[in-house]
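Data block for my_file11.cif (mmCIF, C-alpha atoms):
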```cif
data_final
loop_
_atom_site.label_atom_id
_atom_site.label_comp_id
_atom_site.auth_asym_id
_atom_site.auth_seq_id
_atom_site.Cartn_x
_atom_site.Cartn_y
_atom_site.Cartn_z
CA MET A 1 23.26 89.13 -31.94
CA ARG A 2 24.89 87.69 -28.81
CA HIS A 3 22.36 84.88 -28.79
CA ALA A 4 23.21 84.07 -32.41
CA CYS A 5 26.96 83.99 -31.61
CA ARG A 6 26.42 81.67 -28.67
CA LEU A 7 24.34 79.41 -30.89
CA LEU A 8 27.09 79.30 -33.52
CA LEU A 9 29.66 78.38 -30.87
CA LEU A 10 27.47 75.55 -29.58
CA VAL A 11 27.04 74.21 -33.10
CA ALA A 12 30.79 74.42 -33.72
CA PHE A 13 31.55 72.44 -30.57
CA ALA A 14 28.96 69.83 -31.47
CA LEU A 15 30.44 69.33 -34.92
CA TRP A 16 34.09 69.30 -33.84
CA PRO A 17 35.74 65.88 -34.42
CA SER A 18 35.63 63.71 -31.30
CA ALA A 19 39.20 62.42 -31.62
CA PRO A 20 40.89 65.81 -31.18
CA LEU A 21 38.64 66.60 -28.20
CA ALA A 22 39.54 63.27 -26.60
CA ALA A 23 43.20 63.92 -27.24
CA GLN A 24 42.93 67.36 -25.65
CA ARG A 25 42.38 65.73 -22.25
CA GLU A 26 46.08 64.86 -22.17
CA GLY A 27 47.64 67.78 -24.05
CA ARG A 28 47.39 70.41 -26.73
CA VAL A 29 46.15 69.10 -30.05
CA ASP A 30 48.74 69.35 -32.82
CA ARG A 31 46.31 70.36 -35.55
CA SER A 32 48.65 70.02 -38.53
CA LEU A 33 49.65 66.52 -37.42
CA GLN A 34 46.01 65.67 -36.74
CA ARG A 35 45.12 66.54 -40.34
CA GLU A 36 47.99 64.48 -41.73
CA LEU A 37 47.03 61.42 -39.69
CA GLU A 38 43.42 61.68 -40.80
CA ILE A 39 44.58 61.78 -44.43
CA LEU A 40 46.73 58.67 -43.88
CA VAL A 41 43.86 56.58 -42.51
CA ALA A 42 41.16 57.92 -44.84
CA GLY A 43 41.47 55.16 -47.42
CA PHE A 44 42.38 52.30 -45.07
CA HIS A 45 40.43 49.10 -45.76
CA GLY A 46 39.53 48.27 -42.19
CA ARG A 47 39.46 50.27 -38.97
CA ALA A 48 42.55 52.07 -37.74
CA GLY A 49 43.35 53.70 -34.43
CA ILE A 50 46.28 56.03 -33.76
CA TYR A 51 47.49 57.89 -30.72
CA VAL A 52 50.49 60.25 -30.65
CA HIS A 53 51.89 62.22 -27.71
CA HIS A 54 55.02 64.35 -27.85
CA LEU A 55 55.99 64.21 -24.20
CA GLY A 56 58.21 67.26 -24.11
CA SER A 57 55.85 69.74 -25.75
CA ASN A 58 52.68 67.92 -24.63
CA ARG A 59 51.28 67.92 -28.16
CA VAL A 60 48.86 65.16 -29.08
CA ALA A 61 46.96 63.80 -32.06
CA ALA A 62 44.50 60.93 -32.17
CA VAL A 63 42.27 58.91 -34.46
CA ASN A 64 39.89 56.42 -32.82
CA ALA A 65 42.29 56.47 -29.86
CA ASP A 66 39.72 55.27 -27.34
CA SER A 67 38.25 52.47 -29.45
CA VAL A 68 39.04 48.92 -28.35
CA PHE A 69 41.30 46.90 -30.65
CA PRO A 70 43.02 43.49 -30.53
CA THR A 71 46.48 43.63 -29.00
CA ALA A 72 47.90 40.48 -30.58
CA SER A 73 51.44 40.33 -29.14
CA MET A 74 51.29 43.83 -27.66
CA ILE A 75 49.58 42.15 -24.69
CA LYS A 76 53.09 41.08 -23.72
CA VAL A 77 53.72 44.58 -22.34
CA PRO A 78 51.02 44.18 -19.64
CA ILE A 79 52.29 40.64 -19.00
CA LEU A 80 55.78 42.14 -18.58
CA ALA A 81 54.44 44.62 -16.02
CA ALA A 82 52.60 41.90 -14.09
CA THR A 83 55.73 39.72 -14.12
CA PHE A 84 57.78 42.52 -12.57
CA ASP A 85 54.99 43.12 -10.07
CA ALA A 86 55.34 39.46 -9.04
CA LEU A 87 59.11 40.00 -8.77
CA GLN A 88 58.52 43.05 -6.58
CA ARG A 89 56.26 41.02 -4.28
CA GLY A 90 58.79 38.21 -4.03
CA ALA A 91 56.55 35.67 -5.78
CA LEU A 92 59.24 35.36 -8.48
CA HIS A 93 62.96 36.09 -8.53
CA PHE A 94 64.87 37.48 -11.51
CA ALA A 95 67.64 34.90 -11.17
CA ASP A 96 65.23 31.94 -10.84
CA THR A 97 66.04 28.91 -12.99
CA LEU A 98 62.90 27.39 -14.48
CA VAL A 99 62.26 23.94 -15.91
CA TYR A 100 60.64 23.86 -19.35
CA ARG A 101 58.01 21.21 -20.06
CA ASP A 102 56.57 20.16 -23.41
CA SER A 103 53.12 20.93 -22.03
CA LEU A 104 54.04 24.64 -22.17
CA LEU A 105 54.53 24.58 -25.94
CA TYR A 106 52.46 26.99 -28.01
CA ALA A 107 52.69 25.67 -31.55
CA GLY A 108 54.57 27.97 -33.89
CA ASP A 109 58.10 29.16 -34.61
CA ASP A 110 59.05 30.10 -31.05
CA ILE A 111 62.63 29.66 -29.90
CA LEU A 112 61.55 28.45 -26.47
CA GLY A 113 59.28 25.91 -28.12
CA MET A 114 62.37 24.29 -29.62
CA ALA A 115 63.70 23.42 -26.16
CA LYS A 116 63.70 19.83 -24.96
CA ASP A 117 61.46 18.73 -22.14
CA SER A 118 63.20 19.31 -18.77
CA ALA A 119 65.51 21.97 -20.23
CA ARG A 120 66.52 24.61 -17.70
CA ILE A 121 66.32 28.33 -18.42
CA GLU A 122 66.59 31.49 -16.33
CA LEU A 123 63.48 33.59 -15.77
CA SER A 124 65.38 36.62 -17.09
CA ARG A 125 65.91 34.85 -20.44
CA VAL A 126 62.24 33.90 -20.66
CA ILE A 127 61.42 37.61 -20.22
CA MET A 128 63.92 38.49 -22.95
CA LEU A 129 62.41 35.94 -25.34
CA MET A 130 58.88 37.21 -24.72
CA ILE A 131 59.75 40.80 -25.60
CA THR A 132 62.78 40.70 -27.91
CA MET A 133 61.64 37.74 -30.01
CA SER A 134 57.90 38.03 -29.22
CA ASP A 135 58.00 34.35 -28.20
CA ASN A 136 54.43 33.18 -27.50
CA THR A 137 55.46 30.13 -25.51
CA ALA A 138 57.54 32.36 -23.22
CA ALA A 139 54.70 34.87 -22.87
CA LEU A 140 52.08 32.29 -21.94
CA TRP A 141 54.48 30.76 -19.43
CA LEU A 142 55.07 34.18 -17.83
CA GLN A 143 51.34 34.91 -17.86
CA GLN A 144 50.91 31.75 -15.80
CA LEU A 145 53.84 32.48 -13.48
CA ALA A 146 52.63 36.04 -12.85
CA GLY A 147 49.33 34.65 -11.53
CA THR A 148 47.46 33.98 -14.81
CA GLY A 149 45.44 36.48 -16.78
CA VAL A 150 43.37 37.14 -13.66
CA ALA A 151 46.40 38.65 -11.91
CA VAL A 152 47.46 40.59 -15.01
CA ASN A 153 43.99 42.08 -15.33
CA ALA A 154 43.86 42.90 -11.62
CA TRP A 155 47.13 44.80 -11.97
CA LEU A 156 45.78 46.68 -15.00
CA ALA A 157 42.56 47.63 -13.20
CA ALA A 158 44.41 48.74 -10.07
CA ASN A 159 46.67 50.97 -12.16
CA GLY A 160 43.91 52.78 -14.04
CA PHE A 161 43.77 50.84 -17.30
CA ASP A 162 40.07 50.37 -18.02
CA SER A 163 40.13 48.77 -21.48
CA THR A 164 43.41 46.84 -21.59
CA ARG A 165 42.87 43.21 -20.60
CA VAL A 166 44.16 39.68 -21.14
CA ASN A 167 41.41 37.49 -22.62
CA SER A 168 43.03 34.16 -23.46
CA ARG A 169 43.23 31.49 -20.74
CA THR A 170 41.38 33.85 -18.39
CA PRO A 171 38.05 32.83 -16.81
CA GLY A 172 35.16 35.16 -17.61
CA ARG A 173 36.88 36.63 -20.68
CA GLU A 174 35.66 34.08 -23.23
CA ALA A 175 33.31 36.48 -25.05
CA ASN A 176 36.05 39.12 -25.30
CA ARG A 177 38.46 36.49 -26.58
CA GLN A 178 36.07 35.75 -29.43
CA LEU A 179 36.06 39.43 -30.35
CA TYR A 180 39.67 40.43 -29.74
CA GLY A 181 41.81 37.33 -29.28
CA TRP A 182 44.60 37.09 -26.69
CA GLY A 183 44.20 40.66 -25.45
CA GLN A 184 42.54 44.00 -26.01
CA THR A 185 43.51 47.64 -25.55
CA THR A 186 43.04 51.12 -26.97
CA PRO A 187 45.73 53.13 -28.78
CA ARG A 188 45.73 55.65 -25.93
CA GLU A 189 46.04 53.09 -23.12
CA ILE A 190 48.86 51.01 -24.60
CA ALA A 191 50.81 54.21 -25.32
CA ARG A 192 50.15 55.40 -21.77
CA LEU A 193 51.50 52.13 -20.34
CA LEU A 194 54.74 52.50 -22.30
CA THR A 195 54.98 56.14 -21.24
CA ARG A 196 54.59 55.22 -17.58
CA ILE A 197 57.36 52.64 -17.91
CA ARG A 198 59.58 55.33 -19.49
CA ARG A 199 58.77 57.66 -16.57
CA GLU A 200 59.67 54.91 -14.08
CA GLU A 201 56.12 54.78 -12.69
CA VAL A 202 55.37 51.07 -13.22
CA VAL A 203 55.94 48.75 -10.23
CA SER A 204 59.09 50.61 -9.10
CA PRO A 205 61.80 52.79 -10.65
CA ALA A 206 64.19 49.81 -10.77
CA ALA A 207 61.57 47.56 -12.37
CA SER A 208 60.65 50.24 -14.90
CA GLN A 209 64.28 50.75 -15.86
CA GLN A 210 64.78 47.05 -16.52
CA MET A 211 61.49 46.77 -18.44
CA TYR A 212 62.47 49.74 -20.57
CA ARG A 213 65.88 48.24 -21.34
CA THR A 214 64.17 45.04 -22.45
CA LEU A 215 61.68 46.92 -24.63
CA THR A 216 64.53 48.64 -26.50
CA ARG A 217 65.97 45.29 -27.65
CA ILE A 218 63.51 44.27 -30.36
CA TYR A 219 64.31 41.81 -33.13
CA TRP A 220 61.18 42.61 -35.17
CA ASN A 221 62.29 46.02 -36.46
CA GLY A 222 60.85 45.95 -39.98
CA GLU A 223 57.87 48.27 -39.54
CA ALA A 224 57.75 51.38 -37.31
CA LEU A 225 61.36 50.97 -36.19
CA SER A 226 62.58 50.76 -39.78
CA GLN A 227 61.51 54.38 -40.28
CA LEU A 228 63.68 55.66 -37.42
CA PRO A 229 67.42 56.34 -37.61
CA PRO A 230 69.38 53.37 -36.23
CA TRP A 231 71.24 55.73 -33.90
CA VAL A 232 68.03 56.63 -32.07
CA GLN A 233 66.84 54.46 -29.17
CA ALA A 234 63.22 53.35 -29.17
CA ALA A 235 61.22 51.09 -26.86
CA SER A 236 58.51 49.15 -28.64
CA LYS A 237 56.28 46.13 -29.00
CA GLN A 238 54.62 44.78 -32.12
CA GLY A 239 51.54 42.63 -32.70
CA ALA A 240 50.02 40.89 -35.69
CA VAL A 241 47.26 38.44 -36.49
CA ASP A 242 45.53 37.86 -39.81
CA HIS A 243 43.18 40.84 -39.75
CA SER A 244 45.04 43.14 -37.37
CA ARG A 245 48.46 44.82 -37.27
CA SER A 246 49.73 46.91 -34.36
CA GLU A 247 52.76 48.59 -32.87
CA VAL A 248 53.47 50.86 -29.91
CA VAL A 249 56.71 52.84 -29.86
CA LEU A 250 58.37 55.39 -27.56
CA VAL A 251 61.14 57.25 -29.37
CA ASN A 252 64.02 58.87 -27.46
CA ALA A 253 64.39 61.53 -30.13
CA PRO A 254 66.89 64.42 -30.11
CA GLY A 255 64.07 66.96 -29.85
CA GLY A 256 62.31 65.12 -27.03
CA ASP A 257 60.59 61.81 -26.43
CA TYR A 258 57.41 60.97 -28.28
CA VAL A 259 55.16 57.93 -28.04
CA PHE A 260 52.74 56.58 -30.61
CA SER A 261 50.60 53.55 -31.23
CA VAL A 262 48.96 52.31 -34.40
CA ILE A 263 46.40 49.51 -34.17
CA THR A 264 44.12 48.12 -36.87
CA LYS A 265 41.29 45.61 -37.00
CA ALA A 266 38.91 44.15 -39.56
CA ASN A 267 41.68 44.53 -42.14
CA ALA A 268 40.68 43.49 -45.63
CA ASP A 269 44.33 42.65 -46.33
CA SER A 270 45.37 39.56 -44.33
CA SER A 271 48.60 38.89 -46.24
CA TRP A 272 51.91 38.35 -44.46
CA THR A 273 54.16 40.31 -46.79
CA PRO A 274 55.78 43.73 -46.20
CA SER A 275 53.20 45.23 -48.55
CA ASN A 276 50.34 44.35 -46.18
CA GLU A 277 48.18 47.46 -45.86
CA GLY A 278 48.42 47.43 -42.05
CA TYR A 279 52.21 47.26 -42.14
CA VAL A 280 52.33 50.02 -44.73
CA LEU A 281 50.18 52.25 -42.50
CA ILE A 282 52.46 51.67 -39.50
CA ARG A 283 55.55 52.54 -41.53
CA ARG A 284 53.93 55.65 -42.97
CA VAL A 285 52.84 56.90 -39.54
CA SER A 286 56.31 56.32 -38.09
CA ALA A 287 58.01 58.12 -41.00
CA LEU A 288 55.53 61.01 -40.77
CA LEU A 289 56.14 61.47 -37.04
CA TRP A 290 59.92 61.52 -37.37
CA LYS A 291 59.67 64.13 -40.14
CA HIS A 292 57.11 66.15 -38.14
CA PHE A 293 58.91 66.16 -34.80
CA GLU A 294 62.53 66.12 -36.01
CA PRO A 295 62.78 68.48 -39.01
CA ARG A 296 66.36 69.31 -38.02
CA HIS A 297 67.38 65.64 -38.37
CA PRO A 298 66.07 64.46 -41.76
CA TRP A 299 66.50 60.74 -42.33
CA THR A 300 65.19 58.04 -44.65
CA PRO A 301 66.11 54.33 -44.89
CA ALA A 302 69.01 53.56 -47.21
CA ALA A 303 68.41 51.94 -50.59
CA GLY A 304 68.08 48.19 -50.17
CA ALA A 305 67.14 48.35 -46.49
CA GLU A 306 63.83 46.56 -47.16
CA ALA A 307 65.63 43.35 -48.02
CA LEU A 308 67.45 43.31 -44.68
CA ARG A 309 64.47 43.61 -42.33
CA PRO A 310 63.22 40.59 -40.33
#
```

Represent the structure of the file as structure tokens.
Amino acid sequence: MRHACRLLLLVAFALWPSAPLAAQREGRVDRSLQRELEILVAGFHGRAGIYVHHLGSNRVAAVNADSVFPTASMIKVPILAATFDALQRGALHFADTLVYRDSLLYAGDDILGMAKDSARIELSRVIMLMITMSDNTAALWLQQLAGTGVAVNAWLAANGFDSTRVNSRTPGREANRQLYGWGQTTPREIARLLTRIRREEVVSPAASQQMYRTLTRIYWNGEALSQLPPWVQAASKQGAVDHSRSEVVLVNAPGGDYVFSVITKANADSSWTPSNEGYVLIRRVSALLWKHFEPRHPWTPAAGAEALRP
């Protein structure tokens, strides 16, 4: 009889979903939330990864949280960390005035790309443009100033991030660039990076505080942030390319901070409208988490809010 019970336990462990077990390494699995997330992604036309960690209660939920996904513009968070590491080392100075050159232009709708050749701009404003406006020209300039993708990746490796890497303009990363584009990460790692910034563990407490302030000033608030009350502070970064949508958010909620990331790839829907399936998933996850973690503070966007989102 005992042998049969042990056998049943072994079978149960073997059949248990891998995502909750992976999540359990960092906290107690929130089983009701886990089920709801799995329902949300069940019909997604592509591959979705989600990681959620309620920092106060140490509850977690995860779907494909350790799979590697494209970062798109979320790679700007590691670039931000490497930039502040360069500031800490004295290689850069926050009050530096830089000279913009046309050779820095990354074609697109960037604000910095509209500057004239030889225009002068403070390093602090380039940092703001990279995060607040998700300016690609600013980000690539900072990637270079921080020591190129080689230095960013060295910082990531030294700080325990095994999967998160810059690929573009980085020697030896050409094959990864073909697969993932500018950068790559996992839902768990990008959420962990934001959490460490929140806990003032990245570079230095002063650097972390300034990075966190910058990450709370986001122009692109139409997806995950649109499902949070405007009176709640959140640090975040968004990313999007044709077949991938992503967002990482740390919410300073009344009931305690929680962090989550949603990343997709191989999306069938490559449209650039609010109804894009990847955007819809991000909004639904964000709304679900607020409802789940903050039942005492019910909130939904006001009628007509969709028309006022960037």

- prompt: When distances are computed from all atoms listed in the file, which of A:Arg169, A:His54, A:Arg89, A:Lys116 shows the smallest separation from Gly256 of chain A?
  reply: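 Going through A:Arg169, A:His54, A:Arg89, A:Lys116 one by one, the smallest distance to Gly256 of chain A is for A:His54.
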
Item checked: Test item: residues at most 8 Å from Leu228 of chain A, only C-alpha atoms, excluding those fewer than 4 positions along its chain, as a PyMOL selection string -> chain A and resi 224+232+286-287+290+299-301

List as a short mmCIF file (atom, residue, chain, number, x, y, z; two decimals) with C-alpha atoms, in the coordinates of the input the protein and nucleic acid residues near Ser134 of chain A, meaning an atom at most 9 Å away when only C-alpha atoms are counted, but skip any in the same chain fewer than 3 places from it.
```
data_model
loop_
_atom_site.label_atom_id
_atom_site.label_comp_id
_atom_site.auth_asym_id
_atom_site.auth_seq_id
_atom_site.Cartn_x
_atom_site.Cartn_y
_atom_site.Cartn_z
CA SER A 73 51.44 40.33 -29.14
CA MET A 74 51.29 43.83 -27.66
CA LYS A 76 53.09 41.08 -23.72
CA ASP A 110 59.05 30.10 -31.05
CA MET A 128 63.92 38.49 -22.95
CA LEU A 129 62.41 35.94 -25.34
CA MET A 130 58.88 37.21 -24.72
CA ILE A 131 59.75 40.80 -25.60
CA ALA A 138 57.54 32.36 -23.22
CA ALA A 139 54.70 34.87 -22.87
CA ILE A 218 63.51 44.27 -30.36
CA TYR A 219 64.31 41.81 -33.13
CA TRP A 220 61.18 42.61 -35.17
CA LYS A 237 56.28 46.13 -29.00
CA GLN A 238 54.62 44.78 -32.12
CA GLY A 239 51.54 42.63 -32.70
#
```

The PyMOL selection byres ((chain A and resi 70) around 7) applied to the shown file, residues as number ranges by chain: A: 69, 71-72, 180-181, 183-185

- Any idea what's packed within 9 Å of Ala107 of chain A, counting only C-alpha atoms, ignoring anything in its chain fewer than 6 positions away? Could you give it as a list in words?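 Near neighbours after the sequence-gap exclusion: Gly113, Asn136 and Thr137 of chain A.
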
Notebook entry, point to check: Neighbours of Gln34 of chain A within 9 Å (all atoms listed in the file; same-chain residues fewer than 5 positions away dropped), as a PyMOL selection string?
Noted result: chain A and resi 20+29+39+60-63

Q. Selected by the PyMOL selection byres ((chain A and resi 52) around 9) in the shown coordinates: which residues, as an NGL selection string?
A. :A and (23 or 50-51 or 53-54 or 59-62 or 187-188 or 191 or 258-262 or 289)

Show which residues sit within 12 Å of Val202 of chain A, as an NGL selection string. Count only C-alpha atoms, and ignore same-chain residues fewer than 3 positions away.
:A and (77-78 or 80-85 or 88 or 155-156 or 158-160 or 192-199 or 205-212)

Would you compute, for all listed atoms of segment 283-287 of chain A, the axis-aligned bounding box grown by 6 Å on each side, and then report its centre and edge lengths in Å rounded to one decimal, as lines of an AutoDock Vina configuration file?
```
center_x = 55.4
center_y = 55.3
center_z = -40.5
size_x = 17.2
size_y = 17.6
size_z = 16.9
```

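In this comparison, which uses only C-alpha atoms, the residue of A:Asn167, A:Pro230, A:Leu55, A:Ala146 approaching Leu250 of chain A most closely is A:Leu55.
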
Students should find that atom CA of Ser118 of chain A and atom CA of Leu87 of chain A are spaced 23.3 Å

Between atom CA of Tyr279 of chain A and atom CA of Leu308 of chain A, distance in Å (one decimal)
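Going from atom CA of Tyr279 of chain A over to atom CA of Leu308 of chain A, I get 15.9 Å.
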
* Asked: For the atom pair atom CA of Glu277 of chain A and atom CA of Lys265 of chain A, what is the interatomic distance in Å to one decimal place?
  ->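 Pair atom CA of Glu277 of chain A / atom CA of Lys265 of chain A returns 11.4 Å.
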
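With all atoms listed in the file as the atoms that count, the minimum distance from Gly278 of chain A to the choices A:Met114, A:Val150, A:Leu105, A:Ile263 is reached by A:Ile263.
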
Shortest contact to Asn58 of chain A, candidates A:Arg120, A:Glu26, A:His292, A:Leu112, atoms counted only C-alpha atoms, goes to A:Glu26

My list of candidates is A:Ala240, A:Ile111, A:Leu145, A:Ala95. Which is closest to Ser124 of chain A when distances are computed with all atoms listed in the file?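 Going through A:Ala240, A:Ile111, A:Leu145, A:Ala95 one by one, the smallest distance to Ser124 of chain A is for A:Ala95.
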
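The set of residues that the PyMOL selection byres ((chain A and resi 104) around 8) takes from this file is Tyr100, Arg101, Asp102, Ser103, Leu105, Tyr106, Thr137, Leu140 and Trp141 of chain A.
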
- Task: Identify which of the residues A:Leu225, A:Ala91, A:Leu179, A:Ala119 lies closest to Arg284 of chain A, counting only C-alpha atoms when measuring atom-to-atom distances.
- Result: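 Smallest separation from Arg284 of chain A among the options: A:Leu225.
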